[in-house]
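Asker: So here's run-v6.csv, just CSV, C-alpha atoms:
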chain,number,residue,atom,x,y,z
A,1,MET,CA,0.0,0.0,0.0
A,2,LYS,CA,1.7,3.1,-1.2
A,3,ASN,CA,-1.0,5.7,-1.9
A,4,ARG,CA,-4.4,7.1,-1.0
A,5,GLU,CA,-6.2,5.1,-3.6
A,6,GLY,CA,-4.7,1.9,-2.3
A,7,ALA,CA,-5.7,2.7,1.3
A,8,ILE,CA,-9.2,3.7,0.2
A,9,GLY,CA,-9.6,0.6,-1.9
A,10,TYR,CA,-8.5,-1.7,0.9
A,11,CYS,CA,-10.9,-0.1,3.3
A,12,LEU,CA,-13.8,-0.3,0.9
A,13,GLY,CA,-13.0,-4.0,0.4
A,14,MET,CA,-13.7,-4.7,4.0
A,15,GLY,CA,-17.4,-4.5,3.5
A,16,ASN,CA,-20.2,-2.3,4.7
A,17,THR,CA,-17.9,0.7,4.5
A,18,TYR,CA,-17.9,4.0,2.6
A,19,GLU,CA,-15.5,7.0,2.1
A,20,ASP,CA,-16.5,10.4,3.4
A,21,TYR,CA,-15.2,13.9,2.9
A,22,PRO,CA,-16.9,15.9,5.7
A,23,PHE,CA,-14.4,18.8,5.9
A,24,ARG,CA,-13.7,21.7,3.6
A,25,ASP,CA,-10.2,20.5,3.4
A,26,LYS,CA,-10.4,17.7,0.8
A,27,ASN,CA,-7.1,16.3,1.9
A,28,TRP,CA,-9.0,14.3,4.6
A,29,THR,CA,-10.7,11.1,3.6
A,30,LEU,CA,-12.6,9.3,6.3
A,31,MET,CA,-13.5,5.6,6.1
A,32,ARG,CA,-16.7,4.8,7.9
A,33,HIS,CA,-18.9,1.9,8.8
A,34,ILE,CA,-22.3,2.1,7.0
A,35,ASP,CA,-24.2,0.7,10.0
A,36,ASN,CA,-22.9,3.0,12.8
A,37,LYS,CA,-21.2,5.8,10.8
A,38,LYS,CA,-18.0,5.4,13.0
A,39,VAL,CA,-14.7,6.3,11.4
A,40,PHE,CA,-12.1,3.5,11.4
A,41,ALA,CA,-9.5,5.2,9.2
A,42,TRP,CA,-8.5,8.8,8.6
A,43,ILE,CA,-6.4,9.1,5.4
A,44,PHE,CA,-4.5,12.3,4.6
A,45,GLU,CA,-1.3,13.6,3.1
A,46,LYS,CA,1.3,15.2,5.3
A,47,ASP,CA,5.0,15.9,4.7
A,48,GLY,CA,5.0,14.3,1.3
A,49,HIS,CA,3.5,11.0,2.5
A,50,ILE,CA,0.1,9.5,2.9
A,51,TRP,CA,-0.8,8.9,6.6
A,52,ILE,CA,-3.5,6.6,7.9
A,53,ASN,CA,-4.9,7.1,11.4
A,54,VAL,CA,-6.2,3.9,12.9
A,55,LYS,CA,-7.7,3.0,16.3
A,56,CYS,CA,-5.8,0.6,18.4
A,57,GLU,CA,-6.2,-1.4,21.6
A,58,PRO,CA,-4.2,0.3,24.4
A,59,GLY,CA,-1.9,-2.6,24.8
A,60,LEU,CA,-0.9,-2.6,21.1
A,61,LEU,CA,-0.4,1.2,20.7
A,62,ASP,CA,3.2,1.1,22.0
A,63,TYR,CA,3.9,-2.2,20.4
A,64,TRP,CA,3.4,-0.8,16.9
A,65,ARG,CA,5.2,2.4,17.7
A,66,GLN,CA,8.2,0.5,19.0
A,67,ILE,CA,8.5,-1.8,16.0
A,68,TYR,CA,8.2,0.9,13.3
A,69,HIS,CA,9.4,4.5,13.4
A,70,SER,CA,6.7,5.2,10.8
A,71,VAL,CA,3.9,4.3,13.3
A,72,VAL,CA,3.5,7.3,15.6
A,73,PRO,CA,0.9,8.8,18.0
A,74,ALA,CA,-2.0,9.9,15.9
A,75,PHE,CA,-2.0,13.2,14.2
A,76,HIS,CA,-5.0,15.3,15.3
A,77,LEU,CA,-6.6,12.4,17.3
A,78,ASN,CA,-6.4,11.0,20.9
A,79,LYS,CA,-2.9,9.6,21.2
A,80,ASP,CA,-4.2,7.1,23.8
A,81,HIS,CA,-6.4,5.3,21.3
A,82,TRP,CA,-5.1,6.1,17.8
A,83,ASN,CA,-1.9,5.7,15.8
A,84,SER,CA,-0.8,7.2,12.6
A,85,ILE,CA,0.8,4.9,10.0
A,86,ILE,CA,3.1,6.8,7.6
A,87,LEU,CA,3.2,5.1,4.2
A,88,ASP,CA,6.9,5.7,3.5
A,89,GLY,CA,7.6,2.1,2.5
A,90,THR,CA,9.1,1.0,5.9
A,91,VAL,CA,6.0,-0.7,7.3
A,92,PRO,CA,5.2,-4.1,5.6
A,93,GLU,CA,1.8,-4.2,3.9
A,94,GLU,CA,0.6,-7.1,6.0
A,95,ASP,CA,1.2,-5.1,9.2
A,96,ILE,CA,-0.6,-2.1,7.7
A,97,TYR,CA,-3.5,-4.4,6.8
A,98,GLU,CA,-3.5,-5.8,10.4
A,99,MET,CA,-3.7,-2.3,11.9
A,100,ILE,CA,-6.5,-1.3,9.6
A,101,ASN,CA,-8.3,-4.5,10.4
A,102,GLN,CA,-8.0,-4.0,14.1
A,103,SER,CA,-9.3,-0.4,13.8
A,104,TYR,CA,-12.2,-1.7,11.7
A,105,MET,CA,-13.1,-4.3,14.4
A,106,LEU,CA,-12.7,-1.9,17.3
A,107,THR,CA,-15.0,0.7,15.7
A,108,LYS,CA,-17.5,-1.9,14.4
A,109,LYS,CA,-18.7,-2.7,17.9
A,110,ASN,CA,-21.9,-1.1,19.1
A,111,ASN,CA,-21.0,0.7,22.3
A,112,SER,CA,-24.7,1.0,23.4
A,113,LYS,CA,-25.3,1.1,27.1
A,114,VAL,CA,-26.7,-2.0,28.8
A,115,ASN,CA,-29.9,-1.4,30.8
A,116,PHE,CA,-29.8,-3.3,34.1
A,117,LYS,CA,-33.0,-4.1,36.0
A,118,LYS,CA,-33.2,-2.7,39.5
For this file, produce the structure as structure tokens.

Answerer:
Amino acid sequence: MKNREGAIGYCLGMGNTYEDYPFRDKNWTLMRHIDNKKVFAWIFEKDGHIWINVKCEPGLLDYWRQIYHSVVPAFHLNKDHWNSIILDGTVPEEDIYEMINQSYMLTKKNNSKVNFKK
């Protein structure tokens, strides 16, 4: 995965997803779930590279950051829940796919509150 089109195409291939451009700045492509409208990937260009922000389980945030210098705390998002993947060719595609898949699954969940009987 080397460019925006590849990232968008991969995300669309996951099923029940769509691309969104909600900002005036067309540099930002958001990949959302059709069912709950939650964003699982933020795709944008910065410093000459495509970046993808993905949600990550807290225990894996630092894991990915330690393995690859091109996985950093997320640009413009909560750094305790999101990482940025910089598509500079140093992160293997299978790991990029894994991080996107994790983000997809974490945001797919319905976080509705459970009503307990008193």

Asker: Just give me the gap between atom CA of A:Tyr18 and atom CA of A:Asp80 in Å, one decimal is fine.

Answerer: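 Taking atom CA of A:Tyr18 and atom CA of A:Asp80, their separation equals 25.4 Å.
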
Asker: Pick out the residues sitting within 9 Å of A:Glu19, and hand them over as a list in words; count only C-alpha atoms, and ignore anything fewer than 3 positions along from it in its own chain.

Answerer: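 The residues satisfying every condition are Ile8, Cys11, Leu12, Thr29, Leu30, Met31 and Arg32 of chain A.
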
Asker: Using the selection just defined, write its residues with C-alpha atoms as an mmCIF file, in the frame of the given file.

Answerer:
data_model
loop_
_atom_site.group_PDB
_atom_site.id
_atom_site.type_symbol
_atom_site.label_atom_id
_atom_site.label_comp_id
_atom_site.auth_asym_id
_atom_site.auth_seq_id
_atom_site.Cartn_x
_atom_site.Cartn_y
_atom_site.Cartn_z
ATOM 1 C CA ILE A 8 -9.200 3.700 0.200
ATOM 2 C CA CYS A 11 -10.900 -0.100 3.300
ATOM 3 C CA LEU A 12 -13.800 -0.300 0.900
ATOM 4 C CA THR A 29 -10.700 11.100 3.600
ATOM 5 C CA LEU A 30 -12.600 9.300 6.300
ATOM 6 C CA MET A 31 -13.500 5.600 6.100
ATOM 7 C CA ARG A 32 -16.700 4.800 7.900
#

Asker: Smallest atom-to-atom distance to A:Thr107: which of A:Ala74, A:Trp51, A:Val39, A:Lys79, using only C-alpha atoms?

Answerer: A:Val39

Asker: Tell me which protein, DNA and RNA residues are within 9 Å of A:His69, counting only C-alpha atoms, leaving out same-chain ones fewer than 4 positions away, and put them as a count of residues only.

Answerer: 5

Asker: Pick the closest to A:Glu45 from A:Phe75, A:Trp28, A:Tyr21, A:Tyr104: which is it, counting all atoms listed in the file?

Answerer: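 So, comparing all the options, the nearest one is A:Trp28.
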
Asker: My list of candidates is A:Tyr97, A:Lys109, A:Asp88, A:Gly48. Which is closest to A:Asn36 when distances are computed with all atoms listed in the file?

Answerer: A:Lys109

Asker: Find the residues near A:Tyr10: any atom within 10 Å, counting all atoms listed in the file, skip ones fewer than 3 places away on the same chain, and give them as a list in words.

Answerer: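 Here the qualifying residues turn out to be Met1, Arg4, Glu5, Gly6, Ala7, Gly13, Met14, Gly15, Tyr97, Ile100 and Asn101 of chain A.
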
Asker: Which is closer to A:Asn78 than all the others in A:Gln66, A:Asn27, A:Asn16, A:Asn53, using all atoms listed in the file?

Answerer: A:Asn53

Asker: For A:Val71, which residue out of A:Gly9, A:Pro92, A:Gly59, A:Pro22 is the nearest one, using only C-alpha atoms?

Answerer: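 Among the listed residues, A:Pro92 lies closest to A:Val71.
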
Asker: What is the atom CA of A:Ile85 to atom CA of A:Phe23 distance in Å?

Answerer: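 About the pair atom CA of A:Ile85 and atom CA of A:Phe23: they are 21.0 Å apart.
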
Asker: Since fewer atoms than expected are present, regenerate N, CA and C atoms for stretch 21-36 of chain A and write them as a PDB file, in the coordinates of the input.

Answerer:
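Contents of out_8.pdb, freshly written:
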ATOM      1  N   TYR A  21     -16.002  12.691   2.938  1.00  0.00           N
ATOM      2  CA  TYR A  21     -15.200  13.900   2.900  1.00  0.00           C
ATOM      3  C   TYR A  21     -15.964  15.019   3.599  1.00  0.00           C
ATOM      4  N   PRO A  22     -16.005  14.962   4.940  1.00  0.00           N
ATOM      5  CA  PRO A  22     -16.900  15.900   5.700  1.00  0.00           C
ATOM      6  C   PRO A  22     -16.282  17.277   5.916  1.00  0.00           C
ATOM      7  N   PHE A  23     -15.038  17.491   5.563  1.00  0.00           N
ATOM      8  CA  PHE A  23     -14.400  18.800   5.900  1.00  0.00           C
ATOM      9  C   PHE A  23     -14.206  19.587   4.583  1.00  0.00           C
ATOM     10  N   ARG A  24     -14.028  20.870   4.745  1.00  0.00           N
ATOM     11  CA  ARG A  24     -13.700  21.700   3.600  1.00  0.00           C
ATOM     12  C   ARG A  24     -12.382  21.365   2.974  1.00  0.00           C
ATOM     13  N   ASP A  25     -11.486  20.883   3.807  1.00  0.00           N
ATOM     14  CA  ASP A  25     -10.200  20.500   3.400  1.00  0.00           C
ATOM     15  C   ASP A  25     -10.284  19.062   2.751  1.00  0.00           C
ATOM     16  N   LYS A  26     -10.218  18.958   1.442  1.00  0.00           N
ATOM     17  CA  LYS A  26     -10.400  17.700   0.800  1.00  0.00           C
ATOM     18  C   LYS A  26      -9.208  16.736   0.915  1.00  0.00           C
ATOM     19  N   ASN A  27      -8.191  17.173   1.659  1.00  0.00           N
ATOM     20  CA  ASN A  27      -7.100  16.300   1.900  1.00  0.00           C
ATOM     21  C   ASN A  27      -7.470  15.140   2.855  1.00  0.00           C
ATOM     22  N   TRP A  28      -8.560  15.308   3.597  1.00  0.00           N
ATOM     23  CA  TRP A  28      -9.000  14.300   4.600  1.00  0.00           C
ATOM     24  C   TRP A  28     -10.043  13.391   4.005  1.00  0.00           C
ATOM     25  N   THR A  29      -9.718  12.093   3.936  1.00  0.00           N
ATOM     26  CA  THR A  29     -10.700  11.100   3.600  1.00  0.00           C
ATOM     27  C   THR A  29     -10.948  10.236   4.817  1.00  0.00           C
ATOM     28  N   LEU A  30     -12.210  10.121   5.192  1.00  0.00           N
ATOM     29  CA  LEU A  30     -12.600   9.300   6.300  1.00  0.00           C
ATOM     30  C   LEU A  30     -13.259   8.050   5.847  1.00  0.00           C
ATOM     31  N   MET A  31     -12.854   6.924   6.387  1.00  0.00           N
ATOM     32  CA  MET A  31     -13.500   5.600   6.100  1.00  0.00           C
ATOM     33  C   MET A  31     -14.378   5.265   7.211  1.00  0.00           C
ATOM     34  N   ARG A  32     -15.654   5.022   6.887  1.00  0.00           N
ATOM     35  CA  ARG A  32     -16.700   4.800   7.900  1.00  0.00           C
ATOM     36  C   ARG A  32     -17.398   3.485   7.713  1.00  0.00           C
ATOM     37  N   HIS A  33     -17.989   3.001   8.805  1.00  0.00           N
ATOM     38  CA  HIS A  33     -18.900   1.900   8.800  1.00  0.00           C
ATOM     39  C   HIS A  33     -20.267   2.391   8.291  1.00  0.00           C
ATOM     40  N   ILE A  34     -20.925   1.659   7.424  1.00  0.00           N
ATOM     41  CA  ILE A  34     -22.300   2.100   7.000  1.00  0.00           C
ATOM     42  C   ILE A  34     -23.251   2.005   8.131  1.00  0.00           C
ATOM     43  N   ASP A  35     -23.175   0.960   8.957  1.00  0.00           N
ATOM     44  CA  ASP A  35     -24.200   0.700  10.000  1.00  0.00           C
ATOM     45  C   ASP A  35     -24.162   1.770  11.118  1.00  0.00           C
ATOM     46  N   ASN A  36     -22.981   2.092  11.639  1.00  0.00           N
ATOM     47  CA  ASN A  36     -22.900   3.000  12.800  1.00  0.00           C
ATOM     48  C   ASN A  36     -22.261   4.342  12.501  1.00  0.00           C
TER      49      ASN A  36
END
